[in-house]
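Coordinates as given in protein_31.pdb (PDB, C-alpha atoms):
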ATOM      1  CA  MET A   1     229.193 -59.227 150.361  1.00  0.00           C
ATOM      2  CA  THR A   2     228.402 -58.067 146.878  1.00  0.00           C
ATOM      3  CA  ASN A   3     230.930 -56.405 144.582  1.00  0.00           C
ATOM      4  CA  GLU A   4     229.159 -53.093 145.110  1.00  0.00           C
ATOM      5  CA  GLN A   5     229.801 -53.406 148.822  1.00  0.00           C
ATOM      6  CA  THR A   6     233.466 -54.206 148.412  1.00  0.00           C
ATOM      7  CA  ASP A   7     234.494 -51.621 145.815  1.00  0.00           C
ATOM      8  CA  LEU A   8     235.966 -48.377 147.084  1.00  0.00           C
ATOM      9  CA  LEU A   9     235.817 -45.186 145.082  1.00  0.00           C
ATOM     10  CA  PRO A  10     239.269 -44.106 143.836  1.00  0.00           C
ATOM     11  CA  GLU A  11     239.387 -41.220 146.325  1.00  0.00           C
ATOM     12  CA  GLN A  12     238.403 -43.558 149.212  1.00  0.00           C
ATOM     13  CA  HIS A  13     241.125 -45.977 148.107  1.00  0.00           C
ATOM     14  CA  GLU A  14     243.795 -43.253 148.096  1.00  0.00           C
ATOM     15  CA  GLU A  15     242.636 -41.669 151.350  1.00  0.00           C
ATOM     16  CA  LEU A  16     242.642 -45.027 153.139  1.00  0.00           C
ATOM     17  CA  LEU A  17     246.131 -45.907 151.907  1.00  0.00           C
ATOM     18  CA  GLN A  18     247.404 -42.526 153.123  1.00  0.00           C
ATOM     19  CA  THR A  19     245.758 -43.031 156.519  1.00  0.00           C
ATOM     20  CA  LEU A  20     247.159 -46.554 156.892  1.00  0.00           C
ATOM     21  CA  LYS A  21     250.639 -45.462 155.806  1.00  0.00           C
ATOM     22  CA  ALA A  22     250.663 -42.538 158.281  1.00  0.00           C
ATOM     23  CA  ARG A  23     249.546 -44.845 161.107  1.00  0.00           C
ATOM     24  CA  PHE A  24     252.124 -47.476 160.095  1.00  0.00           C
ATOM     25  CA  GLU A  25     254.933 -44.889 160.156  1.00  0.00           C
ATOM     26  CA  LYS A  26     253.760 -43.339 163.445  1.00  0.00           C
ATOM     27  CA  ASN A  27     253.682 -46.732 165.230  1.00  0.00           C
ATOM     28  CA  LEU A  28     256.825 -48.515 164.018  1.00  0.00           C
ATOM     29  CA  SER A  29     257.155 -50.363 167.332  1.00  0.00           C
ATOM     30  CA  ARG A  30     254.074 -52.419 166.394  1.00  0.00           C
ATOM     31  CA  HIS A  31     255.814 -53.853 163.327  1.00  0.00           C
ATOM     32  CA  PRO A  32     259.598 -53.626 163.531  1.00  0.00           C
ATOM     33  CA  GLU A  33     261.460 -54.818 160.463  1.00  0.00           C
ATOM     34  CA  LEU A  34     258.404 -54.466 158.188  1.00  0.00           C
ATOM     35  CA  GLU A  35     258.329 -52.032 155.286  1.00  0.00           C
ATOM     36  CA  TRP A  36     255.260 -50.099 154.166  1.00  0.00           C
ATOM     37  CA  ALA A  37     256.008 -50.711 150.469  1.00  0.00           C
ATOM     38  CA  HIS A  38     255.518 -54.469 150.963  1.00  0.00           C
ATOM     39  CA  VAL A  39     252.277 -53.924 152.881  1.00  0.00           C
ATOM     40  CA  GLN A  40     250.930 -51.539 150.250  1.00  0.00           C
ATOM     41  CA  ALA A  41     251.764 -53.961 147.428  1.00  0.00           C
ATOM     42  CA  LYS A  42     249.728 -56.683 149.187  1.00  0.00           C
ATOM     43  CA  LEU A  43     246.831 -54.278 149.726  1.00  0.00           C
ATOM     44  CA  GLU A  44     246.835 -53.109 146.108  1.00  0.00           C
ATOM     45  CA  ALA A  45     246.627 -56.743 144.972  1.00  0.00           C
ATOM     46  CA  GLN A  46     243.585 -57.471 147.180  1.00  0.00           C
ATOM     47  CA  PRO A  47     240.926 -54.746 146.883  1.00  0.00           C
ATOM     48  CA  LYS A  48     238.372 -56.709 148.940  1.00  0.00           C
ATOM     49  CA  LYS A  49     240.814 -56.695 151.865  1.00  0.00           C
ATOM     50  CA  LEU A  50     241.270 -52.967 151.404  1.00  0.00           C
ATOM     51  CA  TRP A  51     237.472 -52.618 151.607  1.00  0.00           C
ATOM     52  CA  SER A  52     237.493 -54.552 154.902  1.00  0.00           C
ATOM     53  CA  LEU A  53     240.170 -52.212 156.257  1.00  0.00           C
ATOM     54  CA  HIS A  54     237.992 -49.293 155.150  1.00  0.00           C
ATOM     55  CA  GLU A  55     235.134 -50.728 157.213  1.00  0.00           C
ATOM     56  CA  MET A  56     237.444 -51.164 160.204  1.00  0.00           C
ATOM     57  CA  GLU A  57     238.508 -47.534 159.839  1.00  0.00           C
ATOM     58  CA  ARG A  58     234.975 -46.226 159.206  1.00  0.00           C
ATOM     59  CA  THR A  59     233.709 -47.791 162.446  1.00  0.00           C
ATOM     60  CA  GLY A  60     236.558 -46.335 164.530  1.00  0.00           C
ATOM     61  CA  GLY A  61     238.979 -49.251 164.696  1.00  0.00           C
ATOM     62  CA  GLU A  62     242.180 -47.519 163.562  1.00  0.00           C
ATOM     63  CA  PRO A  63     243.593 -50.708 161.980  1.00  0.00           C
ATOM     64  CA  ASP A  64     247.350 -51.185 161.859  1.00  0.00           C
ATOM     65  CA  VAL A  65     249.799 -53.957 161.026  1.00  0.00           C
ATOM     66  CA  ILE A  66     250.862 -55.853 164.134  1.00  0.00           C
ATOM     67  CA  GLY A  67     252.648 -58.788 162.532  1.00  0.00           C
ATOM     68  CA  TYR A  68     253.682 -60.828 159.536  1.00  0.00           C
ATOM     69  CA  ASP A  69     253.092 -64.561 159.100  1.00  0.00           C
ATOM     70  CA  GLU A  70     256.013 -65.973 157.100  1.00  0.00           C
ATOM     71  CA  GLN A  71     254.306 -69.326 156.553  1.00  0.00           C
ATOM     72  CA  THR A  72     251.290 -67.794 154.795  1.00  0.00           C
ATOM     73  CA  ASP A  73     253.029 -64.624 153.541  1.00  0.00           C
ATOM     74  CA  GLU A  74     250.331 -62.455 155.147  1.00  0.00           C
ATOM     75  CA  PHE A  75     250.387 -59.229 157.114  1.00  0.00           C
ATOM     76  CA  VAL A  76     248.118 -59.145 160.163  1.00  0.00           C
ATOM     77  CA  PHE A  77     246.031 -56.024 160.718  1.00  0.00           C
ATOM     78  CA  VAL A  78     244.168 -55.466 164.009  1.00  0.00           C
ATOM     79  CA  ASP A  79     242.020 -52.645 165.365  1.00  0.00           C
ATOM     80  CA  CYS A  80     244.428 -50.528 167.404  1.00  0.00           C
ATOM     81  CA  SER A  81     242.062 -47.812 168.659  1.00  0.00           C
ATOM     82  CA  ALA A  82     242.685 -46.980 172.320  1.00  0.00           C
ATOM     83  CA  GLU A  83     239.166 -48.113 173.232  1.00  0.00           C
ATOM     84  CA  THR A  84     236.937 -50.682 171.534  1.00  0.00           C
ATOM     85  CA  PRO A  85     235.707 -49.107 168.262  1.00  0.00           C
ATOM     86  CA  LYS A  86     232.795 -46.701 168.818  1.00  0.00           C
ATOM     87  CA  GLY A  87     230.948 -47.847 165.723  1.00  0.00           C
ATOM     88  CA  ARG A  88     230.806 -51.420 167.041  1.00  0.00           C
ATOM     89  CA  ARG A  89     229.536 -51.088 170.614  1.00  0.00           C
ATOM     90  CA  SER A  90     226.254 -52.004 172.333  1.00  0.00           C
ATOM     91  CA  ILE A  91     226.067 -55.343 170.545  1.00  0.00           C
ATOM     92  CA  CYS A  92     225.630 -58.889 171.776  1.00  0.00           C
ATOM     93  CA  TYR A  93     227.972 -61.733 170.838  1.00  0.00           C
ATOM     94  CA  ASP A  94     226.361 -63.556 167.892  1.00  0.00           C
ATOM     95  CA  HIS A  95     223.207 -63.941 165.813  1.00  0.00           C
ATOM     96  CA  GLU A  96     221.815 -66.727 168.006  1.00  0.00           C
ATOM     97  CA  ALA A  97     222.130 -64.472 171.054  1.00  0.00           C
ATOM     98  CA  LEU A  98     220.527 -61.587 169.190  1.00  0.00           C
ATOM     99  CA  GLU A  99     217.558 -63.745 168.157  1.00  0.00           C
ATOM    100  CA  SER A 100     217.133 -65.132 171.674  1.00  0.00           C
ATOM    101  CA  ARG A 101     216.462 -61.694 173.175  1.00  0.00           C
ATOM    102  CA  LYS A 102     212.748 -61.098 173.626  1.00  0.00           C
ATOM    103  CA  GLN A 103     213.028 -57.430 174.648  1.00  0.00           C
ATOM    104  CA  HIS A 104     215.483 -54.577 174.185  1.00  0.00           C
ATOM    105  CA  LYS A 105     217.392 -56.201 171.344  1.00  0.00           C
ATOM    106  CA  PRO A 106     220.645 -54.542 170.344  1.00  0.00           C
ATOM    107  CA  GLU A 107     220.941 -53.477 166.719  1.00  0.00           C
ATOM    108  CA  ASP A 108     223.411 -56.227 165.817  1.00  0.00           C
ATOM    109  CA  SER A 109     225.942 -58.750 167.084  1.00  0.00           C
ATOM    110  CA  ALA A 110     229.728 -58.844 167.026  1.00  0.00           C
ATOM    111  CA  MET A 111     229.881 -61.976 164.888  1.00  0.00           C
ATOM    112  CA  ASN A 112     227.358 -60.618 162.338  1.00  0.00           C
ATOM    113  CA  MET A 113     229.212 -57.322 162.037  1.00  0.00           C
ATOM    114  CA  ALA A 114     232.608 -58.999 161.723  1.00  0.00           C
ATOM    115  CA  GLU A 115     231.336 -61.282 158.969  1.00  0.00           C
ATOM    116  CA  ALA A 116     229.770 -58.363 157.090  1.00  0.00           C
ATOM    117  CA  MET A 117     233.076 -56.472 157.335  1.00  0.00           C
ATOM    118  CA  GLY A 118     235.128 -59.468 156.195  1.00  0.00           C
ATOM    119  CA  VAL A 119     237.140 -59.635 159.452  1.00  0.00           C
ATOM    120  CA  GLU A 120     237.511 -62.054 162.363  1.00  0.00           C
ATOM    121  CA  LEU A 121     236.979 -61.368 166.048  1.00  0.00           C
ATOM    122  CA  LEU A 122     240.232 -61.528 167.980  1.00  0.00           C
ATOM    123  CA  THR A 123     240.908 -64.668 169.941  1.00  0.00           C
ATOM    124  CA  GLU A 124     241.911 -64.328 173.589  1.00  0.00           C
ATOM    125  CA  GLU A 125     245.503 -65.059 172.550  1.00  0.00           C
ATOM    126  CA  GLN A 126     245.456 -62.359 169.855  1.00  0.00           C
ATOM    127  CA  TYR A 127     243.939 -59.904 172.323  1.00  0.00           C
ATOM    128  CA  ARG A 128     246.743 -60.580 174.802  1.00  0.00           C
ATOM    129  CA  GLU A 129     249.335 -60.132 172.029  1.00  0.00           C
ATOM    130  CA  LEU A 130     247.780 -56.781 171.091  1.00  0.00           C
ATOM    131  CA  GLN A 131     248.022 -55.655 174.714  1.00  0.00           C
ATOM    132  CA  LYS A 132     251.801 -56.205 174.581  1.00  0.00           C
ATOM    133  CA  LEU A 133     251.936 -53.369 172.036  1.00  0.00           C
ATOM    134  CA  GLY A 134     250.137 -50.792 174.185  1.00  0.00           C
ATOM    135  CA  ASN A 135     247.370 -50.183 176.678  1.00  0.00           C
ATOM    136  CA  PHE A 136     244.013 -50.861 175.033  1.00  0.00           C
ATOM    137  CA  ASP A 137     240.480 -50.991 176.467  1.00  0.00           C
ATOM    138  CA  LEU A 138     241.204 -49.131 179.693  1.00  0.00           C
ATOM    139  CA  LYS A 139     237.565 -47.943 179.841  1.00  0.00           C
ATOM    140  CA  THR A 140     235.843 -50.364 177.448  1.00  0.00           C
ATOM    141  CA  SER A 141     235.835 -54.101 176.758  1.00  0.00           C
ATOM    142  CA  SER A 142     235.880 -56.279 173.640  1.00  0.00           C
ATOM    143  CA  TRP A 143     234.119 -59.535 172.808  1.00  0.00           C
ATOM    144  CA  VAL A 144     236.617 -62.242 171.784  1.00  0.00           C
ATOM    145  CA  LYS A 145     236.095 -65.523 169.950  1.00  0.00           C
ATOM    146  CA  THR A 146     234.468 -67.874 172.406  1.00  0.00           C
ATOM    147  CA  PRO A 147     235.230 -71.603 172.551  1.00  0.00           C
ATOM    148  CA  ALA A 148     232.301 -73.732 171.360  1.00  0.00           C
ATOM    149  CA  PRO A 149     231.726 -75.495 174.726  1.00  0.00           C
ATOM    150  CA  ILE A 150     231.243 -72.142 176.492  1.00  0.00           C
ATOM    151  CA  ARG A 151     229.051 -70.770 173.720  1.00  0.00           C
ATOM    152  CA  LYS A 152     226.955 -73.958 173.690  1.00  0.00           C
ATOM    153  CA  LEU A 153     226.070 -73.262 177.324  1.00  0.00           C
ATOM    154  CA  GLY A 154     224.948 -69.708 176.519  1.00  0.00           C
ATOM    155  CA  GLY A 155     228.103 -67.846 177.473  1.00  0.00           C
ATOM    156  CA  ALA A 156     230.609 -65.681 175.657  1.00  0.00           C
ATOM    157  CA  LEU A 157     233.994 -64.196 176.554  1.00  0.00           C
ATOM    158  CA  PHE A 158     235.216 -60.617 176.581  1.00  0.00           C
ATOM    159  CA  CYS A 159     238.459 -58.945 177.612  1.00  0.00           C
ATOM    160  CA  ASP A 160     239.712 -55.608 178.859  1.00  0.00           C
ATOM    161  CA  ARG A 161     242.710 -54.078 180.600  1.00  0.00           C
ATOM    162  CA  ARG A 162     242.450 -52.822 184.173  1.00  0.00           C
ATOM    163  CA  TYR A 163     245.064 -52.378 186.898  1.00  0.00           C
ATOM    164  CA  ASP A 164     247.794 -52.914 184.278  1.00  0.00           C
ATOM    165  CA  THR A 165     246.484 -56.449 183.742  1.00  0.00           C
ATOM    166  CA  VAL A 166     244.547 -58.067 180.891  1.00  0.00           C
ATOM    167  CA  PHE A 167     241.408 -59.785 182.158  1.00  0.00           C
ATOM    168  CA  VAL A 168     239.161 -62.300 180.440  1.00  0.00           C
ATOM    169  CA  TYR A 169     235.555 -62.527 181.649  1.00  0.00           C
ATOM    170  CA  HIS A 170     232.335 -64.279 180.776  1.00  0.00           C
ATOM    171  CA  ASN A 171     228.812 -63.032 180.256  1.00  0.00           C
ATOM    172  CA  GLY A 172     225.638 -64.292 178.698  1.00  0.00           C
ATOM    173  CA  ALA A 173     226.131 -64.083 174.920  1.00  0.00           C
ATOM    174  CA  ASP A 174     222.905 -62.077 174.656  1.00  0.00           C
ATOM    175  CA  SER A 175     224.140 -59.310 176.959  1.00  0.00           C
ATOM    176  CA  TYR A 176     225.265 -55.970 175.610  1.00  0.00           C
ATOM    177  CA  TYR A 177     226.696 -52.808 177.088  1.00  0.00           C
ATOM    178  CA  GLY A 178     227.496 -49.347 175.799  1.00  0.00           C
ATOM    179  CA  ALA A 179     231.175 -49.844 176.536  1.00  0.00           C
ATOM    180  CA  ARG A 180     231.517 -53.315 174.946  1.00  0.00           C
ATOM    181  CA  GLY A 181     232.210 -53.949 171.293  1.00  0.00           C
ATOM    182  CA  PHE A 182     234.752 -55.988 169.386  1.00  0.00           C
ATOM    183  CA  ARG A 183     238.141 -55.688 167.728  1.00  0.00           C
ATOM    184  CA  GLY A 184     238.713 -57.226 164.337  1.00  0.00           C
ATOM    185  CA  ALA A 185     241.685 -58.949 162.729  1.00  0.00           C
ATOM    186  CA  LEU A 186     242.382 -59.175 159.022  1.00  0.00           C
ATOM    187  CA  ARG A 187     245.084 -61.140 157.219  1.00  0.00           C
ATOM    188  CA  VAL A 188     246.322 -59.597 153.959  1.00  0.00           C
TER     189      VAL A 188
END

Encoded form (structure tokens):
Amino acid sequence: MTNEQTDLLPEQHEELLQTLKARFEKNLSRHPELEWAHVQAKLEAQPKKLWSLHEMERTGGEPDVIGYDEQTDEFVFVDCSAETPKGRRSICYDHEALESRKQHKPEDSAMNMAEAMGVELLTEEQYRELQKLGNFDLKTSSWVKTPAPIRKLGGALFCDRRYDTVFVYHNGADSYYGARGFRGALRV
């Protein structure tokens, strides 16, 4: 990321803060006992993180605070869109998988996009925690961080929610589908 990529225009900065504040206040059950003023102060002190949240928002993720880590003094933002973000679908798992495709390559991979945005893919554990806050991915699915032994063998993991249950599945890392994308996490 260059500085040009991570600098928001003043009006983008203000608009994003207003959007995040409105979402925070509308979904208080996701972050009980947290105050927006503390979140905003952290965001104002870290403009590169604000840029990453802008990218999450721009691609349809609807990021919101879902927790606070007392040990690191960081708020945890996660994509809370009802379905996997529209601007991040039809992608394979990582760059290696993308390069291995001989035909019909997707435009990008989840890991490449997450890195470019300055976010992390959710782990399976984080995905399950998110699902405790609502019903997400009822029609779509999301790639999640895949353990190295599985990835080494060519596979990757994804999750969704069906039949009021969170499922974890496997697929070839080079596969991609119109209804599969990824959810990002960002610590601020």

CA of Gln131 in chain A to CA of Ala97 in chain A: how many Å, to one decimal?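 These two atoms are separated by 27.6 Å.
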
Exactly which residues make up the result of the PyMOL selection byres ((chain A and resi 57) around 12) on this file, given as a ChimeraX atom specification? /A:12,15-17,19-20,23,50-56,58-64,77-81,85-88,117,183-184

Which residues would end up in the selection if the PyMOL selection byres ((chain A and resi 96) around 12) were applied here, given that I need the answer as a PyMOL selection string? chain A and resi 92-95+97-101+105+108-112+151-152+154-156+172-175

Could you dump the residues just selected with C-alpha atoms as a PDB file, in the frame of the given file?
ATOM      1  CA  CYS A  92     225.630 -58.889 171.776  1.00  0.00           C
ATOM      2  CA  TYR A  93     227.972 -61.733 170.838  1.00  0.00           C
ATOM      3  CA  ASP A  94     226.361 -63.556 167.892  1.00  0.00           C
ATOM      4  CA  HIS A  95     223.207 -63.941 165.813  1.00  0.00           C
ATOM      5  CA  ALA A  97     222.130 -64.472 171.054  1.00  0.00           C
ATOM      6  CA  LEU A  98     220.527 -61.587 169.190  1.00  0.00           C
ATOM      7  CA  GLU A  99     217.558 -63.745 168.157  1.00  0.00           C
ATOM      8  CA  SER A 100     217.133 -65.132 171.674  1.00  0.00           C
ATOM      9  CA  ARG A 101     216.462 -61.694 173.175  1.00  0.00           C
ATOM     10  CA  LYS A 105     217.392 -56.201 171.344  1.00  0.00           C
ATOM     11  CA  ASP A 108     223.411 -56.227 165.817  1.00  0.00           C
ATOM     12  CA  SER A 109     225.942 -58.750 167.084  1.00  0.00           C
ATOM     13  CA  ALA A 110     229.728 -58.844 167.026  1.00  0.00           C
ATOM     14  CA  MET A 111     229.881 -61.976 164.888  1.00  0.00           C
ATOM     15  CA  ASN A 112     227.358 -60.618 162.338  1.00  0.00           C
ATOM     16  CA  ARG A 151     229.051 -70.770 173.720  1.00  0.00           C
ATOM     17  CA  LYS A 152     226.955 -73.958 173.690  1.00  0.00           C
ATOM     18  CA  GLY A 154     224.948 -69.708 176.519  1.00  0.00           C
ATOM     19  CA  GLY A 155     228.103 -67.846 177.473  1.00  0.00           C
ATOM     20  CA  ALA A 156     230.609 -65.681 175.657  1.00  0.00           C
ATOM     21  CA  GLY A 172     225.638 -64.292 178.698  1.00  0.00           C
ATOM     22  CA  ALA A 173     226.131 -64.083 174.920  1.00  0.00           C
ATOM     23  CA  ASP A 174     222.905 -62.077 174.656  1.00  0.00           C
ATOM     24  CA  SER A 175     224.140 -59.310 176.959  1.00  0.00           C
TER      25      SER A 175
END

So what does the PyMOL selection byres ((chain A and resi 118) around 8) actually pick up in this one, as a list in words?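 On this input, the PyMOL selection byres ((chain A and resi 118) around 8) captures Lys49, Ser52, Ala114, Glu115, Ala116, Met117, Val119, Glu120 and Leu186 of chain A.
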
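Here CA of Glu124 in chain A is placed at a distance of 10.1 Å from CA of Ser142 in chain A.
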
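CA of Thr140 in chain A lies 13.4 Å from CA of Tyr163 in chain A.
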
Can you report as AutoDock Vina command-line options the centre and edge lengths in Å, to one decimal, of an axis-aligned box around the listed atoms of range 7-18 of chain A padded with 8 Å on each side?
--center_x 240.9 --center_y -46.4 --center_z 148.5 --size_x 28.9 --size_y 26.4 --size_z 25.3

Residue among A:Lys48, A:Leu28, A:Gln40, A:Arg89 lying closest to Leu8 in chain A, counting all atoms listed in the file: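 Ranked by minimum distance to Leu8 in chain A, first place goes to A:Lys48.
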
May I ask you to restore all heavy atoms in range 5-16 of chain A and write the result as a compact mmCIF listing (two decimals), keeping the file's coordinate frame?
# COMPACT_ATOMS: atom_id res chain seq x y z
N GLN A 5 229.42 -53.66 147.44
CA GLN A 5 229.80 -53.41 148.82
C GLN A 5 231.31 -53.38 149.01
O GLN A 5 231.80 -52.76 149.94
CB GLN A 5 229.22 -54.49 149.75
CG GLN A 5 227.73 -54.43 149.91
CD GLN A 5 227.24 -55.59 150.75
OE1 GLN A 5 227.55 -56.73 150.47
NE2 GLN A 5 226.50 -55.28 151.79
N THR A 6 232.04 -54.07 148.18
CA THR A 6 233.47 -54.21 148.41
C THR A 6 234.33 -53.35 147.50
O THR A 6 235.54 -53.46 147.53
CB THR A 6 233.89 -55.68 148.27
OG1 THR A 6 233.57 -56.13 146.95
CG2 THR A 6 233.22 -56.55 149.30
N ASP A 7 233.73 -52.50 146.69
CA ASP A 7 234.49 -51.62 145.82
C ASP A 7 234.56 -50.23 146.42
O ASP A 7 233.54 -49.61 146.70
CB ASP A 7 233.85 -51.54 144.43
CG ASP A 7 234.00 -52.84 143.64
OD1 ASP A 7 234.92 -53.62 143.95
OD2 ASP A 7 233.19 -53.07 142.73
N LEU A 8 235.78 -49.74 146.60
CA LEU A 8 235.97 -48.38 147.08
C LEU A 8 236.07 -47.43 145.90
O LEU A 8 236.59 -47.80 144.84
CB LEU A 8 237.26 -48.28 147.91
CG LEU A 8 237.32 -49.06 149.20
CD1 LEU A 8 238.69 -48.88 149.85
CD2 LEU A 8 236.24 -48.63 150.16
N LEU A 9 235.61 -46.22 146.09
CA LEU A 9 235.82 -45.19 145.08
C LEU A 9 237.31 -44.86 145.05
O LEU A 9 238.00 -45.01 146.08
CB LEU A 9 235.01 -43.94 145.44
CG LEU A 9 233.49 -44.10 145.48
CD1 LEU A 9 232.83 -42.84 146.02
CD2 LEU A 9 232.97 -44.43 144.08
N PRO A 10 237.83 -44.41 143.92
CA PRO A 10 239.27 -44.11 143.84
C PRO A 10 239.76 -43.17 144.94
O PRO A 10 240.83 -43.39 145.51
CB PRO A 10 239.42 -43.47 142.45
CG PRO A 10 238.30 -44.05 141.65
CD PRO A 10 237.17 -44.22 142.62
N GLU A 11 238.95 -42.15 145.27
CA GLU A 11 239.39 -41.22 146.32
C GLU A 11 239.37 -41.89 147.71
O GLU A 11 240.21 -41.60 148.56
CB GLU A 11 238.56 -39.92 146.32
CG GLU A 11 237.06 -40.10 146.46
CD GLU A 11 236.31 -40.27 145.14
OE1 GLU A 11 236.94 -40.52 144.09
OE2 GLU A 11 235.08 -40.17 145.17
N GLN A 12 238.42 -42.81 147.94
CA GLN A 12 238.40 -43.56 149.21
C GLN A 12 239.63 -44.45 149.30
O GLN A 12 240.25 -44.56 150.36
CB GLN A 12 237.14 -44.42 149.31
CG GLN A 12 235.86 -43.68 149.49
CD GLN A 12 234.66 -44.61 149.43
OE1 GLN A 12 234.54 -45.44 148.52
NE2 GLN A 12 233.78 -44.47 150.41
N HIS A 13 239.96 -45.09 148.20
CA HIS A 13 241.12 -45.98 148.11
C HIS A 13 242.39 -45.21 148.49
O HIS A 13 243.17 -45.65 149.34
CB HIS A 13 241.21 -46.51 146.67
CG HIS A 13 242.35 -47.41 146.39
ND1 HIS A 13 242.23 -48.77 146.39
CD2 HIS A 13 243.64 -47.14 146.09
CE1 HIS A 13 243.41 -49.31 146.10
NE2 HIS A 13 244.27 -48.34 145.92
N GLU A 14 242.60 -44.05 147.86
CA GLU A 14 243.80 -43.25 148.10
C GLU A 14 243.84 -42.73 149.52
O GLU A 14 244.87 -42.78 150.18
CB GLU A 14 243.83 -42.07 147.13
CG GLU A 14 244.92 -42.01 146.13
CD GLU A 14 246.08 -42.97 146.26
OE1 GLU A 14 247.04 -42.65 147.00
OE2 GLU A 14 246.06 -44.03 145.64
N GLU A 15 242.70 -42.22 149.99
CA GLU A 15 242.64 -41.67 151.35
C GLU A 15 242.94 -42.75 152.39
O GLU A 15 243.68 -42.51 153.35
CB GLU A 15 241.26 -41.06 151.61
CG GLU A 15 241.13 -40.40 152.97
CD GLU A 15 239.75 -39.80 153.21
OE1 GLU A 15 239.05 -39.48 152.23
OE2 GLU A 15 239.38 -39.68 154.39
N LEU A 16 242.39 -43.94 152.20
CA LEU A 16 242.64 -45.03 153.14
C LEU A 16 244.12 -45.42 153.14
O LEU A 16 244.72 -45.60 154.21
CB LEU A 16 241.76 -46.24 152.82
CG LEU A 16 241.97 -47.45 153.73
CD1 LEU A 16 241.65 -47.10 155.19
CD2 LEU A 16 241.09 -48.61 153.28
